file upload-v6.cif (mmCIF, C-alpha atoms and all ligand atoms)
data_final
#
loop_
_atom_site.label_atom_id
_atom_site.label_comp_id
_atom_site.auth_asym_id
_atom_site.auth_seq_id
_atom_site.Cartn_x
_atom_site.Cartn_y
_atom_site.Cartn_z
CA MET A 1 -2.48 3.61 -16.82
CA LYS A 2 -3.97 4.30 -13.39
CA ILE A 3 -3.95 1.41 -10.98
CA VAL A 4 -5.17 0.94 -7.41
CA MET A 5 -3.79 -1.90 -5.26
CA LEU A 6 -6.23 -3.41 -2.77
CA GLY A 7 -5.63 -6.06 -0.11
CA ALA A 8 -5.03 -6.57 3.59
CA PRO A 9 -1.96 -5.11 5.31
CA GLY A 10 0.87 -7.45 4.37
CA ALA A 11 -0.87 -8.98 1.35
CA GLY A 12 2.01 -7.89 -0.86
CA LYS A 13 0.57 -4.69 -2.34
CA GLY A 14 3.83 -2.79 -1.99
CA THR A 15 5.96 -5.62 -3.35
CA GLN A 16 3.75 -5.91 -6.44
CA ALA A 17 3.26 -2.15 -6.86
CA LYS A 18 7.04 -1.67 -7.10
CA MET A 19 7.27 -4.39 -9.76
CA ILE A 20 4.40 -2.81 -11.72
CA ALA A 21 5.99 0.63 -11.48
CA LYS A 22 9.25 -0.69 -12.91
CA GLU A 23 7.68 -2.79 -15.67
CA TYR A 24 5.24 -0.11 -16.88
CA GLY A 25 7.35 2.99 -16.16
CA ILE A 26 4.86 4.70 -13.85
CA PRO A 27 5.45 6.01 -10.33
CA HIS A 28 4.67 3.93 -7.25
CA VAL A 29 2.67 6.12 -4.89
CA SER A 30 2.36 4.81 -1.32
CA THR A 31 0.64 6.92 1.32
CA GLY A 32 2.28 4.77 3.99
CA ASP A 33 5.74 5.57 2.55
CA ILE A 34 4.88 9.29 2.42
CA PHE A 35 3.81 9.22 6.08
CA ARG A 36 6.92 7.26 7.14
CA ALA A 37 9.20 9.68 5.28
CA ASN A 38 7.54 12.54 7.17
CA ILE A 39 7.92 10.74 10.50
CA LYS A 40 11.59 10.23 9.78
CA GLU A 41 12.04 13.91 8.95
CA GLY A 42 10.07 14.95 12.05
CA THR A 43 7.53 17.11 10.20
CA GLU A 44 4.18 18.19 11.69
CA LEU A 45 2.41 15.87 9.26
CA GLY A 46 4.64 13.02 10.42
CA LYS A 47 3.85 13.69 14.08
CA GLU A 48 0.13 13.69 13.45
CA ALA A 49 0.21 10.58 11.25
CA LYS A 50 2.36 8.63 13.74
CA SER A 51 -0.19 8.96 16.53
CA TYR A 52 -2.68 6.98 14.42
CA MET A 53 -0.24 4.60 12.74
CA ASP A 54 1.24 3.34 15.99
CA LYS A 55 -2.22 2.24 17.13
CA GLY A 56 -2.94 0.53 13.83
CA GLU A 57 -5.66 3.07 13.06
CA LEU A 58 -6.16 5.02 9.88
CA VAL A 59 -4.92 8.56 9.49
CA PRO A 60 -8.02 10.81 9.04
CA ASP A 61 -9.40 10.99 5.50
CA GLU A 62 -9.10 14.74 5.15
CA LEU A 63 -5.36 14.78 5.81
CA THR A 64 -4.67 11.65 3.75
CA VAL A 65 -6.66 12.83 0.74
CA ARG A 66 -4.83 16.17 0.71
CA ILE A 67 -1.43 14.44 0.68
CA LEU A 68 -2.46 12.03 -2.06
CA LEU A 69 -4.02 14.63 -4.37
CA ASP A 70 -0.90 16.78 -4.05
CA ARG A 71 1.25 13.83 -5.00
CA VAL A 72 -0.72 12.72 -8.08
CA ALA A 73 -0.87 16.31 -9.32
CA GLN A 74 2.91 16.23 -9.80
CA ASP A 75 4.35 16.01 -13.29
CA ASP A 76 5.61 12.45 -13.13
CA CYS A 77 2.06 11.19 -12.54
CA LYS A 78 0.75 12.59 -15.82
CA ASN A 79 0.85 9.27 -17.64
CA GLY A 80 -0.48 7.26 -14.76
CA TYR A 81 0.56 5.74 -11.43
CA VAL A 82 0.09 2.78 -9.20
CA LEU A 83 -1.52 3.65 -5.87
CA ASP A 84 -0.51 1.45 -2.92
CA GLY A 85 -2.43 1.87 0.32
CA PHE A 86 -4.82 4.46 -1.06
CA PRO A 87 -7.81 4.58 -1.08
CA ARG A 88 -8.46 2.78 2.19
CA THR A 89 -11.99 4.03 2.91
CA ILE A 90 -15.08 4.66 0.80
CA PRO A 91 -14.87 8.46 1.31
CA GLN A 92 -11.24 8.40 0.05
CA ALA A 93 -12.31 6.42 -3.03
CA GLU A 94 -15.15 8.84 -3.68
CA VAL A 95 -12.90 11.90 -3.54
CA LEU A 96 -10.38 10.27 -5.89
CA ASP A 97 -13.17 9.29 -8.25
CA ALA A 98 -14.61 12.81 -8.25
CA GLU A 99 -11.19 14.38 -8.92
CA LEU A 100 -10.53 12.00 -11.81
CA THR A 101 -14.01 12.57 -13.25
CA LYS A 102 -13.28 16.30 -13.32
CA LEU A 103 -10.28 15.49 -15.53
CA ASN A 104 -12.40 13.19 -17.69
CA ASP A 105 -10.37 10.31 -16.32
CA ALA A 106 -10.84 7.18 -14.20
CA ILE A 107 -9.01 4.30 -12.50
CA ASP A 108 -8.28 1.58 -15.09
CA PHE A 109 -7.64 -1.37 -12.77
CA ALA A 110 -8.18 -2.10 -9.08
CA ILE A 111 -6.14 -5.19 -8.24
CA ASP A 112 -7.10 -7.07 -5.12
CA VAL A 113 -4.22 -9.15 -3.75
CA ASP A 114 -6.04 -11.82 -1.83
CA VAL A 115 -4.37 -13.36 1.26
CA PRO A 116 -6.26 -14.89 4.23
CA ASP A 117 -5.77 -13.39 7.72
CA GLU A 118 -3.92 -16.50 9.03
CA ASN A 119 -1.08 -15.95 6.54
CA ILE A 120 -0.88 -12.24 7.26
CA ILE A 121 0.15 -12.43 10.91
CA ARG A 122 3.00 -14.79 10.00
CA ARG A 123 4.13 -12.60 7.13
CA MET A 124 4.24 -9.35 9.06
CA SER A 125 6.54 -10.57 11.81
CA GLY A 126 9.10 -11.37 9.08
CA ARG A 127 8.74 -8.10 7.19
CA ARG A 128 11.75 -5.79 7.28
CA ALA A 129 11.58 -2.30 5.88
CA CYS A 130 14.05 0.30 4.73
CA LEU A 131 12.87 3.65 6.02
CA LYS A 132 15.27 5.46 3.74
CA CYS A 133 14.17 4.23 0.30
CA GLY A 134 10.95 2.30 1.06
CA ALA A 135 12.23 -1.12 -0.01
CA THR A 136 10.62 -4.09 1.72
CA TYR A 137 11.99 -7.56 2.44
CA HIS A 138 10.96 -10.72 4.22
CA ILE A 139 13.44 -12.61 6.38
CA GLU A 140 12.41 -15.97 4.83
CA HIS A 141 10.61 -15.31 1.55
CA ILE A 142 12.39 -12.23 0.17
CA PRO A 143 15.65 -11.83 2.13
CA PRO A 144 18.15 -9.03 1.46
CA LYS A 145 21.56 -10.12 0.15
CA GLN A 146 23.17 -9.10 3.43
CA GLU A 147 21.17 -9.64 6.61
CA GLY A 148 19.68 -6.43 8.00
CA ILE A 149 20.96 -4.22 5.16
CA CYS A 150 18.94 -2.74 2.27
CA ASP A 151 20.08 -4.06 -1.15
CA ALA A 152 18.98 -0.84 -2.83
CA CYS A 153 20.59 1.82 -0.64
CA GLY A 154 22.68 0.13 2.06
CA SER A 155 20.66 1.46 5.00
CA GLU A 156 19.73 -0.58 8.04
CA LEU A 157 16.47 -2.57 7.86
CA VAL A 158 13.93 -2.38 10.68
CA LEU A 159 10.79 -4.12 11.93
CA ARG A 160 8.18 -1.39 11.59
CA ASP A 161 6.64 -0.18 14.88
CA ASP A 162 3.18 -1.10 13.58
CA ASP A 163 4.17 -4.64 12.51
CA LYS A 164 4.01 -6.02 16.07
CA GLU A 165 1.44 -8.79 16.39
CA GLU A 166 -1.10 -6.87 18.52
CA THR A 167 -1.06 -3.88 16.17
CA VAL A 168 -1.32 -6.15 13.12
CA LYS A 169 -4.51 -7.69 14.57
CA ASN A 170 -6.00 -4.24 14.97
CA ARG A 171 -4.97 -3.28 11.42
CA LEU A 172 -6.69 -6.40 10.10
CA ASP A 173 -9.91 -5.41 11.93
CA VAL A 174 -9.65 -1.92 10.48
CA TYR A 175 -9.06 -3.44 7.05
CA HIS A 176 -12.18 -5.62 7.18
CA LYS A 177 -14.38 -2.79 8.45
CA GLN A 178 -13.12 0.17 6.42
CA THR A 179 -11.14 -1.04 3.41
CA GLN A 180 -12.73 -4.28 2.27
CA PRO A 181 -15.91 -2.43 1.13
CA LEU A 182 -13.74 -0.94 -1.65
CA ILE A 183 -13.79 -4.35 -3.36
CA ASP A 184 -17.51 -3.80 -3.91
CA PHE A 185 -16.96 -0.15 -4.90
CA TYR A 186 -14.54 -1.06 -7.70
CA THR A 187 -16.52 -4.16 -8.74
CA LYS A 188 -19.46 -1.85 -9.44
CA LYS A 189 -17.18 0.34 -11.53
CA GLY A 190 -16.22 -2.74 -13.54
CA VAL A 191 -12.46 -2.48 -12.88
CA LEU A 192 -11.88 -4.98 -10.06
CA LYS A 193 -9.46 -7.86 -10.70
CA SER A 194 -8.47 -10.41 -8.05
CA VAL A 195 -5.21 -12.33 -7.80
CA ASP A 196 -4.16 -15.07 -5.39
CA GLY A 197 -1.55 -13.44 -3.13
CA THR A 198 -0.53 -16.62 -1.29
CA VAL A 199 1.78 -17.86 -4.05
CA ASP A 200 5.37 -16.79 -4.73
CA SER A 201 5.75 -13.05 -5.47
CA ALA A 202 6.98 -13.73 -9.04
CA GLU A 203 3.86 -15.82 -9.69
CA VAL A 204 1.61 -13.09 -8.31
CA PHE A 205 3.31 -10.66 -10.64
CA SER A 206 2.73 -12.93 -13.67
CA ALA A 207 -0.98 -13.00 -12.86
CA ILE A 208 -1.00 -9.20 -12.63
CA LYS A 209 0.82 -8.80 -15.94
CA ALA A 210 -1.74 -11.06 -17.59
CA ILE A 211 -4.43 -8.64 -16.37
CA LEU A 212 -2.67 -5.39 -17.29
CA GLY A 213 -1.55 -6.67 -20.68
P1 LIG B 1 0.42 -1.83 4.99
O1 LIG B 1 1.74 -2.46 4.84
O2 LIG B 1 -0.36 -2.26 6.16
O3 LIG B 1 -0.39 -1.85 3.76
P2 LIG B 1 0.92 1.05 4.84
O4 LIG B 1 2.34 1.36 4.77
O5 LIG B 1 0.10 1.14 3.59
O6 LIG B 1 0.79 -0.39 5.48
O7 LIG B 1 0.21 1.94 5.94
C1 LIG B 1 0.71 2.03 7.26
C2 LIG B 1 -0.21 2.92 8.07
O8 LIG B 1 -0.25 4.25 7.49
C3 LIG B 1 -1.67 2.48 8.12
O9 LIG B 1 -1.91 1.50 9.11
C4 LIG B 1 -2.37 3.81 8.42
O10 LIG B 1 -2.23 4.18 9.77
C5 LIG B 1 -1.55 4.80 7.59
N1 LIG B 1 -2.11 4.96 6.24
C6 LIG B 1 -1.49 4.66 5.05
N2 LIG B 1 -2.30 4.92 4.01
C7 LIG B 1 -3.46 5.39 4.54
C8 LIG B 1 -4.70 5.83 3.98
N3 LIG B 1 -4.94 5.80 2.65
N4 LIG B 1 -5.66 6.27 4.83
C9 LIG B 1 -5.46 6.30 6.16
N5 LIG B 1 -4.33 5.89 6.74
C10 LIG B 1 -3.33 5.44 5.96
P1 LIG B 2 1.67 -4.67 1.86
O1 LIG B 2 2.22 -3.52 1.08
O2 LIG B 2 0.39 -5.22 1.26
O3 LIG B 2 1.51 -4.36 3.31
P2 LIG B 2 4.28 -5.96 1.46
O4 LIG B 2 4.50 -5.88 -0.01
O5 LIG B 2 5.03 -5.04 2.34
O6 LIG B 2 2.70 -5.87 1.76
O7 LIG B 2 4.53 -7.48 1.91
C1 LIG B 2 4.40 -7.88 3.27
C2 LIG B 2 5.53 -8.85 3.63
O8 LIG B 2 5.39 -10.08 2.91
C3 LIG B 2 6.93 -8.33 3.27
O9 LIG B 2 7.84 -8.81 4.21
C4 LIG B 2 7.19 -8.94 1.89
O10 LIG B 2 8.57 -9.07 1.63
C5 LIG B 2 6.49 -10.29 2.00
N1 LIG B 2 5.89 -10.77 0.76
C6 LIG B 2 5.39 -10.02 -0.26
N2 LIG B 2 4.87 -10.82 -1.24
C7 LIG B 2 5.03 -12.11 -0.80
C8 LIG B 2 4.67 -13.39 -1.34
N3 LIG B 2 4.03 -13.52 -2.51
N4 LIG B 2 4.98 -14.48 -0.61
C9 LIG B 2 5.60 -14.35 0.60
N5 LIG B 2 5.96 -13.17 1.17
C10 LIG B 2 5.68 -12.07 0.49
ZN ZN B 3 16.85 1.25 1.16
#
call {"tool": "encode", "arguments": {"input": "upload-v6.cif", "output": "structure tokens", "more": "lines below"}}
Ligand code: ADP
Ligand code: ADP
Ligand code: ZN
result
Amino acid sequence: MKIVMLGAPGAGKGTQAKMIAKEYGIPHVSTGDIFRANIKEGTELGKEAKSYMDKGELVPDELTVRILLDRVAQDDCKNGYVLDGFPRTIPQAEVLDAELTKLNDAIDFAIDVDVPDENIIRRMSGRRACLKCGATYHIEHIPPKQEGICDACGSELVLRDDDKEETVKNRLDVYHKQTQPLIDFYTKKGVLKSVDGTVDSAEVFSAIKAILG
């Protein structure tokens, strides 16, 4: 099963993608997590990506597509994957589509997690991330067992540099201009499914399971 998660920054794509990955036994592939891991390790890729991420802009398509295609070519992706944060532009979606077509394959479901902008700003200021293992929490809605510490790996949780309010506003603009058109792209392919992302994360997941079967 090949799944694409769509939705604004902070809509809950990552939270749901991790639950899907666990339930269906497929890898969770997040371009944002790959970039952050590279930033942490101080690689050239990380340095380049950071200059865009800190401004709330998108990393250029060429670089992003290369990273993603490398990742999904790995063995563990053979039986499918859930993509979180990719594609984010029409050109990215077109390259992915062309690569899959070559393999006689296609995306099965594009799930749009729908959350209005007003809710997003509030959600992001409470998001805490583990840069070691990629786990994500929310100080009110999805708190870790011990404040400031990752349940999964015991590392310290941080407020991401790009989750400050000004940067979030810019990311929302970028989302509406560059990413929202993908809803139309996948609707035309007949694979778009929308879920209400404003309800409790367990309820969102139930709606997704009803779609995936
Ligand atoms: P969010 O929580 O907003 O969905 P991500 O972790 O997916 O955040 O992405 C963080 C940042 O990484 C983005 O704002 C962007 O700069 C960069 N990024 C991640 N995925 C992509 C992509 N597919 N194309 C371009 N830039 C990306
Ligand atoms: P995205 O990957 O779309 O940027 P995340 O999954 O990181 O979004 O979620 C953004 C923030 O909102 C995180 O702090 C997360 O814990 C929290 N969150 C996720 N789903 C819900 C939900 N259904 N209700 C409230 N908060 C949520
Ligand atoms: Zn962790």
call {"tool": "closest_residue", "arguments": {"input": "upload-v6.cif", "among": "A:Thr64, A:Ser206, A:Gln92, A:Ser30", "to": "A:Leu45", "atoms": "only C-alpha atoms"}}
result
A:Thr64
call {"tool": "residues_around", "arguments": {"input": "upload-v6.cif", "residues": "stretch 19-25 of chain A", "least_positions_apart": "4", "cutoff": "12 Å", "atoms": "all atoms listed in the file", "output": "tab-separated table (two decimals) with C-alpha atoms, keeping the file's coordinate frame"}}
result
chain	number	residue	atom	x	y	z
A	1	MET	CA	-2.48	3.61	-16.82
A	2	LYS	CA	-3.97	4.30	-13.39
A	3	ILE	CA	-3.95	1.41	-10.98
A	4	VAL	CA	-5.17	0.94	-7.41
A	5	MET	CA	-3.79	-1.90	-5.26
A	12	GLY	CA	2.01	-7.89	-0.86
A	13	LYS	CA	0.57	-4.69	-2.34
A	14	GLY	CA	3.83	-2.79	-1.99
A	15	THR	CA	5.96	-5.62	-3.35
A	29	VAL	CA	2.67	6.12	-4.89
A	30	SER	CA	2.36	4.81	-1.32
A	76	ASP	CA	5.61	12.45	-13.13
A	77	CYS	CA	2.06	11.19	-12.54
A	78	LYS	CA	0.75	12.59	-15.82
A	79	ASN	CA	0.85	9.27	-17.64
A	80	GLY	CA	-0.48	7.26	-14.76
A	81	TYR	CA	0.56	5.74	-11.43
A	82	VAL	CA	0.09	2.78	-9.20
A	83	LEU	CA	-1.52	3.65	-5.87
A	84	ASP	CA	-0.51	1.45	-2.92
A	111	ILE	CA	-6.14	-5.19	-8.24
A	135	ALA	CA	12.23	-1.12	-0.01
A	136	THR	CA	10.62	-4.09	1.72
A	201	SER	CA	5.75	-13.05	-5.47
A	202	ALA	CA	6.98	-13.73	-9.04
A	203	GLU	CA	3.86	-15.82	-9.69
A	204	VAL	CA	1.61	-13.09	-8.31
A	205	PHE	CA	3.31	-10.66	-10.64
A	206	SER	CA	2.73	-12.93	-13.67
A	207	ALA	CA	-0.98	-13.00	-12.86
A	208	ILE	CA	-1.00	-9.20	-12.63
A	209	LYS	CA	0.82	-8.80	-15.94
A	210	ALA	CA	-1.74	-11.06	-17.59
A	211	ILE	CA	-4.43	-8.64	-16.37
A	212	LEU	CA	-2.67	-5.39	-17.29
A	213	GLY	CA	-1.55	-6.67	-20.68
call {"tool": "closest_residue", "arguments": {"input": "upload-v6.cif", "among": "A:Glu99, A:Glu156, A:Glu41, A:Asp112", "to": "A:Tyr186", "atoms": "only C-alpha atoms"}}
result
A:Asp112
call {"tool": "atom_distance", "arguments": {"input": "upload-v6.cif", "atom1": "atom CA of A:Pro116", "atom2": "atom O6 of ligand LIG 1 (chain B)"}}
result
16.2 Å
call {"tool": "residues_near_point", "arguments": {"input": "upload-v6.cif", "point": "(7.5, -2.5, 1.8)", "cutoff": "12 Å", "atoms": "all atoms listed in the file", "output": "ChimeraX atom specification"}}
result
/A:9-19,28-33,36,84-85,123-124,126-138,142,150,157-160,163
call {"tool": "atom_distance", "arguments": {"input": "upload-v6.cif", "atom1": "atom O2 of ligand LIG 2 (chain B)", "atom2": "atom CA of A:Val113"}}
result
7.9 Å
call {"tool": "closest_residue", "arguments": {"input": "upload-v6.cif", "among": "A:Lys50, A:Ala37, A:Glu62, A:Ile149", "to": "ligand ZN 3 (chain B)", "atoms": "only C-alpha atoms and all ligand atoms"}}
result
A:Ile149
call {"tool": "residues_around", "arguments": {"input": "upload-v6.cif", "residues": "A:Ser125", "least_positions_apart": "3", "cutoff": "7 Å", "atoms": "only C-alpha atoms", "output": "ChimeraX atom specification"}}
result
/A:121-122,163-164
call {"tool": "closest_residue", "arguments": {"input": "upload-v6.cif", "among": "A:Leu68, A:Leu58, A:Leu192, A:Cys153", "to": "A:Asp173", "atoms": "all atoms listed in the file"}}
result
A:Leu58
call {"tool": "residues_around", "arguments": {"input": "upload-v6.cif", "residues": "A:Glu48", "least_positions_apart": "6", "cutoff": "10 Å", "atoms": "all atoms listed in the file", "output": "list in words"}}
result
Phe35, Asn38, Ile39, Val59, Pro60 and Leu63 of chain A
call {"tool": "atom_distance", "arguments": {"input": "upload-v6.cif", "atom1": "atom C5 of ligand LIG 1 (chain B)", "atom2": "atom CA of A:Lys40"}}
result
14.4 Å
call {"tool": "closest_residue", "arguments": {"input": "upload-v6.cif", "among": "A:Pro27, A:Gly148, A:Pro143, A:Pro87", "to": "ligand LIG 2 (chain B)", "atoms": "only C-alpha atoms and all ligand atoms"}}
result
A:Pro143
call {"tool": "closest_residue", "arguments": {"input": "upload-v6.cif", "among": "A:Ile120, A:Leu100, A:Ile183, A:Ile139", "to": "ligand LIG 1 (chain B)", "atoms": "only C-alpha atoms and all ligand atoms"}}
result
A:Ile120
call {"tool": "axis_aligned_box", "arguments": {"input": "upload-v6.cif", "around": "stretch 138-156 of chain A", "padding_each_side": "3 Å", "output": "AutoDock Vina command-line options"}}
result
--center_x 16.9 --center_y -7.1 --center_z 2.6 --size_x 18.6 --size_y 23.8 --size_z 16.9
